[in-house]
Amino acid sequence: MDAKERLKALMKERGVTHSALAEMSGVKKRTIDGWLAEGKTFNPTAGELMKVAAVFGVSIDSILGMSRFSDNERFYSKYAKFSGMLERLEGLDPRSLSMVSDIIDVFVRRNAVG
């Protein structure tokens with residue numbers, strides 16, 4: 001199985017769409033679509049691959065086939081919760097989204113370690 005097939009399998013296993021992966025990783029959906037399209041070459045940059053691997057809580061090596069997947073269940077559990085929340089936010093108007101963003105920023109600042 002090549003890297004493209006491993007990423008497709010991981011997305012299917014976790015129920016992650018191209019759009020959700022783009023949202024969570026910060027990689028453009030169009031870019032992800034290109035990687036995974038039939039007949040196209042899987043050619044992410046190292047930075048893009050790091051972002052995608054972080055979403056799934058796996059190493060870059062595991063996506064590239066250089067080691068086995070080692071799931072970080074705690075990370076995946078958190079990701080799954082936030083993925084569902086993000087989907088519910090899609091229908092909000094821009095003002096409401098801004099308010100949600102502000103609330104999250106305040107919470108993160110108040111609870112930052114360090």
# chains A, B, ... in the order shown; residues from 1 in each chain; ligands from 1
$ residues_around --residues "region 40-54 of chain A" --least-positions-apart "5" --cutoff "7 Å" --atoms "only C-alpha atoms" --output "list in words"
Lys4, Ser25, Val27, Gly34, Trp35, Ser59 and Ile60 of chain A
$ closest_residue --among "A:Met1, A:Ser101, A:Phe56, A:Gly39" --to "Leu21 (chain A)" --atoms "only C-alpha atoms"
A:Phe56
$ select_by_dssp --residues "chain A" --states "helix (DSSP H, G or I)" --output "PyMOL selection string"
chain A and resi 3-14+18-25+29-36+46-56+60-64+73-89+94-110
$ residues_around --residues "region 6-8 of chain A" --least-positions-apart "4" --cutoff "8 Å" --atoms "only C-alpha atoms" --output "list in words"
Met1, Asp2, Lys12, Leu36, Ile63, Leu64 and Gly65 of chain A
$ write_last_selection --atoms "all heavy atoms" --output "compact mmCIF listing (two decimals), in the first residue's frame"
# COMPACT_ATOMS: atom_id res chain seq x y z
N MET A 1 0.85 -1.18 0.00
CA MET A 1 0.00 0.00 0.00
C MET A 1 0.90 1.24 0.00
O MET A 1 1.81 1.36 0.81
CB MET A 1 -0.89 -0.03 1.26
CG MET A 1 -1.89 1.09 1.32
SD MET A 1 -2.92 1.14 2.82
CE MET A 1 -3.72 -0.43 2.83
N ASP A 2 0.65 2.17 -0.93
CA ASP A 2 1.45 3.38 -0.97
C ASP A 2 0.89 4.45 -0.03
O ASP A 2 -0.14 4.26 0.60
CB ASP A 2 1.57 3.90 -2.40
CG ASP A 2 0.25 4.34 -3.01
OD1 ASP A 2 -0.74 4.48 -2.28
OD2 ASP A 2 0.21 4.56 -4.24
N LYS A 12 -10.85 7.02 5.83
CA LYS A 12 -12.06 6.20 5.84
C LYS A 12 -12.29 5.60 7.23
O LYS A 12 -13.41 5.64 7.76
CB LYS A 12 -11.96 5.10 4.79
CG LYS A 12 -13.21 4.26 4.69
CD LYS A 12 -13.10 3.23 3.58
CE LYS A 12 -14.39 2.43 3.48
NZ LYS A 12 -14.34 1.46 2.40
N LEU A 36 -5.23 13.03 -3.56
CA LEU A 36 -5.97 11.77 -3.47
C LEU A 36 -6.70 11.40 -4.76
O LEU A 36 -7.31 10.33 -4.83
CB LEU A 36 -6.96 11.83 -2.30
CG LEU A 36 -6.30 12.09 -0.93
CD1 LEU A 36 -7.35 12.19 0.16
CD2 LEU A 36 -5.28 11.02 -0.60
N ILE A 63 2.43 7.34 7.71
CA ILE A 63 1.72 7.65 6.47
C ILE A 63 2.56 7.25 5.27
O ILE A 63 2.05 6.72 4.28
CB ILE A 63 1.33 9.14 6.40
CG1 ILE A 63 0.29 9.46 7.49
CG2 ILE A 63 0.78 9.49 5.02
CD1 ILE A 63 -0.06 10.93 7.62
N LEU A 64 3.87 7.47 5.37
CA LEU A 64 4.76 7.13 4.26
C LEU A 64 5.09 5.64 4.19
O LEU A 64 5.71 5.20 3.23
CB LEU A 64 6.05 7.95 4.37
CG LEU A 64 5.89 9.46 4.22
CD1 LEU A 64 7.23 10.15 4.43
CD2 LEU A 64 5.30 9.81 2.87
N GLY A 65 4.67 4.88 5.21
CA GLY A 65 4.90 3.44 5.18
C GLY A 65 6.24 3.03 5.74
O GLY A 65 6.68 1.91 5.53
$ atom_distance --atom1 "CA of Ser62 (chain A)" --atom2 "CA of Asp33 (chain A)"
20.4 Å
$ decode --residues "region 29-45 of chain A" --atoms "all heavy atoms" --output "PDB file, in the first residue's frame"
ATOM      1  N   LYS A  29      -8.360  22.358   0.779  1.00  0.00           N
ATOM      2  CA  LYS A  29      -9.118  21.203   0.299  1.00  0.00           C
ATOM      3  C   LYS A  29      -8.708  20.848  -1.135  1.00  0.00           C
ATOM      4  O   LYS A  29      -8.560  19.682  -1.479  1.00  0.00           O
ATOM      5  CB  LYS A  29     -10.617  21.449   0.377  1.00  0.00           C
ATOM      6  CG  LYS A  29     -11.442  20.247  -0.093  1.00  0.00           C
ATOM      7  CD  LYS A  29     -12.928  20.539  -0.062  1.00  0.00           C
ATOM      8  CE  LYS A  29     -13.733  19.374  -0.575  1.00  0.00           C
ATOM      9  NZ  LYS A  29     -13.505  19.063  -1.978  1.00  0.00           N
ATOM     10  N   ARG A  30      -8.519  21.865  -1.947  1.00  0.00           N
ATOM     11  CA  ARG A  30      -8.112  21.638  -3.341  1.00  0.00           C
ATOM     12  C   ARG A  30      -6.791  20.856  -3.410  1.00  0.00           C
ATOM     13  O   ARG A  30      -6.612  19.972  -4.249  1.00  0.00           O
ATOM     14  CB  ARG A  30      -7.994  22.991  -4.045  1.00  0.00           C
ATOM     15  CG  ARG A  30      -7.553  22.919  -5.477  1.00  0.00           C
ATOM     16  CD  ARG A  30      -7.456  24.301  -6.104  1.00  0.00           C
ATOM     17  NE  ARG A  30      -6.388  25.056  -5.449  1.00  0.00           N
ATOM     18  CZ  ARG A  30      -6.483  26.323  -5.099  1.00  0.00           C
ATOM     19  NH1 ARG A  30      -7.582  27.002  -5.298  1.00  0.00           N
ATOM     20  NH2 ARG A  30      -5.469  26.931  -4.529  1.00  0.00           N
ATOM     21  N   THR A  31      -5.891  21.157  -2.493  1.00  0.00           N
ATOM     22  CA  THR A  31      -4.605  20.458  -2.440  1.00  0.00           C
ATOM     23  C   THR A  31      -4.815  18.994  -2.058  1.00  0.00           C
ATOM     24  O   THR A  31      -4.257  18.088  -2.688  1.00  0.00           O
ATOM     25  CB  THR A  31      -3.669  21.151  -1.425  1.00  0.00           C
ATOM     26  OG1 THR A  31      -3.462  22.504  -1.846  1.00  0.00           O
ATOM     27  CG2 THR A  31      -2.343  20.438  -1.304  1.00  0.00           C
ATOM     28  N   ILE A  32      -5.634  18.764  -1.026  1.00  0.00           N
ATOM     29  CA  ILE A  32      -5.920  17.396  -0.583  1.00  0.00           C
ATOM     30  C   ILE A  32      -6.619  16.618  -1.696  1.00  0.00           C
ATOM     31  O   ILE A  32      -6.273  15.463  -1.962  1.00  0.00           O
ATOM     32  CB  ILE A  32      -6.755  17.405   0.713  1.00  0.00           C
ATOM     33  CG1 ILE A  32      -5.916  18.004   1.857  1.00  0.00           C
ATOM     34  CG2 ILE A  32      -7.252  16.005   1.066  1.00  0.00           C
ATOM     35  CD1 ILE A  32      -6.685  18.332   3.103  1.00  0.00           C
ATOM     36  N   ASP A  33      -7.584  17.254  -2.358  1.00  0.00           N
ATOM     37  CA  ASP A  33      -8.267  16.606  -3.486  1.00  0.00           C
ATOM     38  C   ASP A  33      -7.256  16.166  -4.545  1.00  0.00           C
ATOM     39  O   ASP A  33      -7.357  15.066  -5.083  1.00  0.00           O
ATOM     40  CB  ASP A  33      -9.285  17.552  -4.129  1.00  0.00           C
ATOM     41  CG  ASP A  33     -10.486  17.844  -3.241  1.00  0.00           C
ATOM     42  OD1 ASP A  33     -10.715  17.098  -2.257  1.00  0.00           O
ATOM     43  OD2 ASP A  33     -11.190  18.834  -3.532  1.00  0.00           O
ATOM     44  N   GLY A  34      -6.283  17.021  -4.820  1.00  0.00           N
ATOM     45  CA  GLY A  34      -5.255  16.690  -5.814  1.00  0.00           C
ATOM     46  C   GLY A  34      -4.399  15.510  -5.401  1.00  0.00           C
ATOM     47  O   GLY A  34      -4.090  14.637  -6.214  1.00  0.00           O
ATOM     48  N   TRP A  35      -4.018  15.464  -4.130  1.00  0.00           N
ATOM     49  CA  TRP A  35      -3.205  14.339  -3.650  1.00  0.00           C
ATOM     50  C   TRP A  35      -3.922  13.020  -3.829  1.00  0.00           C
ATOM     51  O   TRP A  35      -3.309  12.002  -4.155  1.00  0.00           O
ATOM     52  CB  TRP A  35      -2.903  14.439  -2.164  1.00  0.00           C
ATOM     53  CG  TRP A  35      -2.110  15.580  -1.672  1.00  0.00           C
ATOM     54  CD1 TRP A  35      -1.295  16.409  -2.382  1.00  0.00           C
ATOM     55  CD2 TRP A  35      -2.063  16.015  -0.323  1.00  0.00           C
ATOM     56  NE1 TRP A  35      -0.745  17.341  -1.555  1.00  0.00           N
ATOM     57  CE2 TRP A  35      -1.199  17.123  -0.282  1.00  0.00           C
ATOM     58  CE3 TRP A  35      -2.667  15.597   0.850  1.00  0.00           C
ATOM     59  CZ2 TRP A  35      -0.907  17.802   0.899  1.00  0.00           C
ATOM     60  CZ3 TRP A  35      -2.391  16.266   2.018  1.00  0.00           C
ATOM     61  CH2 TRP A  35      -1.514  17.359   2.046  1.00  0.00           C
ATOM     62  N   LEU A  36      -5.232  13.026  -3.556  1.00  0.00           N
ATOM     63  CA  LEU A  36      -5.974  11.770  -3.474  1.00  0.00           C
ATOM     64  C   LEU A  36      -6.702  11.397  -4.756  1.00  0.00           C
ATOM     65  O   LEU A  36      -7.306  10.330  -4.833  1.00  0.00           O
ATOM     66  CB  LEU A  36      -6.959  11.835  -2.298  1.00  0.00           C
ATOM     67  CG  LEU A  36      -6.303  12.086  -0.928  1.00  0.00           C
ATOM     68  CD1 LEU A  36      -7.351  12.186   0.157  1.00  0.00           C
ATOM     69  CD2 LEU A  36      -5.283  11.016  -0.600  1.00  0.00           C
ATOM     70  N   ALA A  37      -6.623  12.248  -5.766  1.00  0.00           N
ATOM     71  CA  ALA A  37      -7.299  11.973  -7.035  1.00  0.00           C
ATOM     72  C   ALA A  37      -6.633  10.804  -7.754  1.00  0.00           C
ATOM     73  O   ALA A  37      -5.410  10.637  -7.701  1.00  0.00           O
ATOM     74  CB  ALA A  37      -7.276  13.215  -7.922  1.00  0.00           C
ATOM     75  N   GLU A  38      -7.468  10.010  -8.420  1.00  0.00           N
ATOM     76  CA  GLU A  38      -6.948   8.884  -9.205  1.00  0.00           C
ATOM     77  C   GLU A  38      -6.032   9.430 -10.300  1.00  0.00           C
ATOM     78  O   GLU A  38      -6.346  10.422 -10.949  1.00  0.00           O
ATOM     79  CB  GLU A  38      -8.095   8.087  -9.824  1.00  0.00           C
ATOM     80  CG  GLU A  38      -8.949   7.350  -8.808  1.00  0.00           C
ATOM     81  CD  GLU A  38      -8.155   6.353  -7.976  1.00  0.00           C
ATOM     82  OE1 GLU A  38      -7.290   5.636  -8.521  1.00  0.00           O
ATOM     83  OE2 GLU A  38      -8.404   6.295  -6.753  1.00  0.00           O
ATOM     84  N   GLY A  39      -4.917   8.781 -10.489  1.00  0.00           N
ATOM     85  CA  GLY A  39      -3.995   9.167 -11.545  1.00  0.00           C
ATOM     86  C   GLY A  39      -3.096  10.337 -11.197  1.00  0.00           C
ATOM     87  O   GLY A  39      -2.239  10.714 -11.978  1.00  0.00           O
ATOM     88  N   LYS A  40      -3.293  10.932 -10.034  1.00  0.00           N
ATOM     89  CA  LYS A  40      -2.448  12.051  -9.598  1.00  0.00           C
ATOM     90  C   LYS A  40      -1.375  11.542  -8.649  1.00  0.00           C
ATOM     91  O   LYS A  40      -1.547  10.540  -7.963  1.00  0.00           O
ATOM     92  CB  LYS A  40      -3.274  13.133  -8.887  1.00  0.00           C
ATOM     93  CG  LYS A  40      -4.319  13.780  -9.737  1.00  0.00           C
ATOM     94  CD  LYS A  40      -3.680  14.776 -10.666  1.00  0.00           C
ATOM     95  CE  LYS A  40      -4.776  15.528 -11.407  1.00  0.00           C
ATOM     96  NZ  LYS A  40      -4.282  16.657 -12.123  1.00  0.00           N
ATOM     97  N   THR A  41      -0.278  12.243  -8.598  1.00  0.00           N
ATOM     98  CA  THR A  41       0.825  11.882  -7.720  1.00  0.00           C
ATOM     99  C   THR A  41       0.592  12.441  -6.324  1.00  0.00           C
ATOM    100  O   THR A  41       0.175  13.581  -6.174  1.00  0.00           O
ATOM    101  CB  THR A  41       2.148  12.452  -8.267  1.00  0.00           C
ATOM    102  OG1 THR A  41       2.337  11.977  -9.594  1.00  0.00           O
ATOM    103  CG2 THR A  41       3.324  12.041  -7.412  1.00  0.00           C
ATOM    104  N   PHE A  42       0.850  11.624  -5.332  1.00  0.00           N
ATOM    105  CA  PHE A  42       0.755  12.048  -3.926  1.00  0.00           C
ATOM    106  C   PHE A  42       2.042  12.797  -3.616  1.00  0.00           C
ATOM    107  O   PHE A  42       3.107  12.205  -3.502  1.00  0.00           O
ATOM    108  CB  PHE A  42       0.598  10.814  -3.027  1.00  0.00           C
ATOM    109  CG  PHE A  42       0.453  11.132  -1.560  1.00  0.00           C
ATOM    110  CD1 PHE A  42      -0.737  11.639  -1.081  1.00  0.00           C
ATOM    111  CD2 PHE A  42       1.488  10.918  -0.677  1.00  0.00           C
ATOM    112  CE1 PHE A  42      -0.894  11.928   0.273  1.00  0.00           C
ATOM    113  CE2 PHE A  42       1.346  11.189   0.675  1.00  0.00           C
ATOM    114  CZ  PHE A  42       0.150  11.699   1.152  1.00  0.00           C
ATOM    115  N   ASN A  43       1.962  14.144  -3.533  1.00  0.00           N
ATOM    116  CA  ASN A  43       3.184  14.921  -3.371  1.00  0.00           C
ATOM    117  C   ASN A  43       3.054  16.072  -2.368  1.00  0.00           C
ATOM    118  O   ASN A  43       3.331  17.217  -2.707  1.00  0.00           O
ATOM    119  CB  ASN A  43       3.648  15.452  -4.724  1.00  0.00           C
ATOM    120  CG  ASN A  43       2.628  16.378  -5.356  1.00  0.00           C
ATOM    121  OD1 ASN A  43       1.476  16.443  -4.916  1.00  0.00           O
ATOM    122  ND2 ASN A  43       3.041  17.108  -6.368  1.00  0.00           N
ATOM    123  N   PRO A  44       2.657  15.780  -1.139  1.00  0.00           N
ATOM    124  CA  PRO A  44       2.573  16.856  -0.145  1.00  0.00           C
ATOM    125  C   PRO A  44       3.963  17.347   0.244  1.00  0.00           C
ATOM    126  O   PRO A  44       4.947  16.608   0.145  1.00  0.00           O
ATOM    127  CB  PRO A  44       1.886  16.185   1.040  1.00  0.00           C
ATOM    128  CG  PRO A  44       2.235  14.750   0.906  1.00  0.00           C
ATOM    129  CD  PRO A  44       2.304  14.482  -0.577  1.00  0.00           C
ATOM    130  N   THR A  45       4.026  18.583   0.679  1.00  0.00           N
ATOM    131  CA  THR A  45       5.282  19.092   1.233  1.00  0.00           C
ATOM    132  C   THR A  45       5.473  18.474   2.620  1.00  0.00           C
ATOM    133  O   THR A  45       4.533  17.925   3.200  1.00  0.00           O
ATOM    134  CB  THR A  45       5.241  20.624   1.384  1.00  0.00           C
ATOM    135  OG1 THR A  45       4.252  20.965   2.358  1.00  0.00           O
ATOM    136  CG2 THR A  45       4.946  21.313   0.054  1.00  0.00           C
TER     137      THR A  45
END
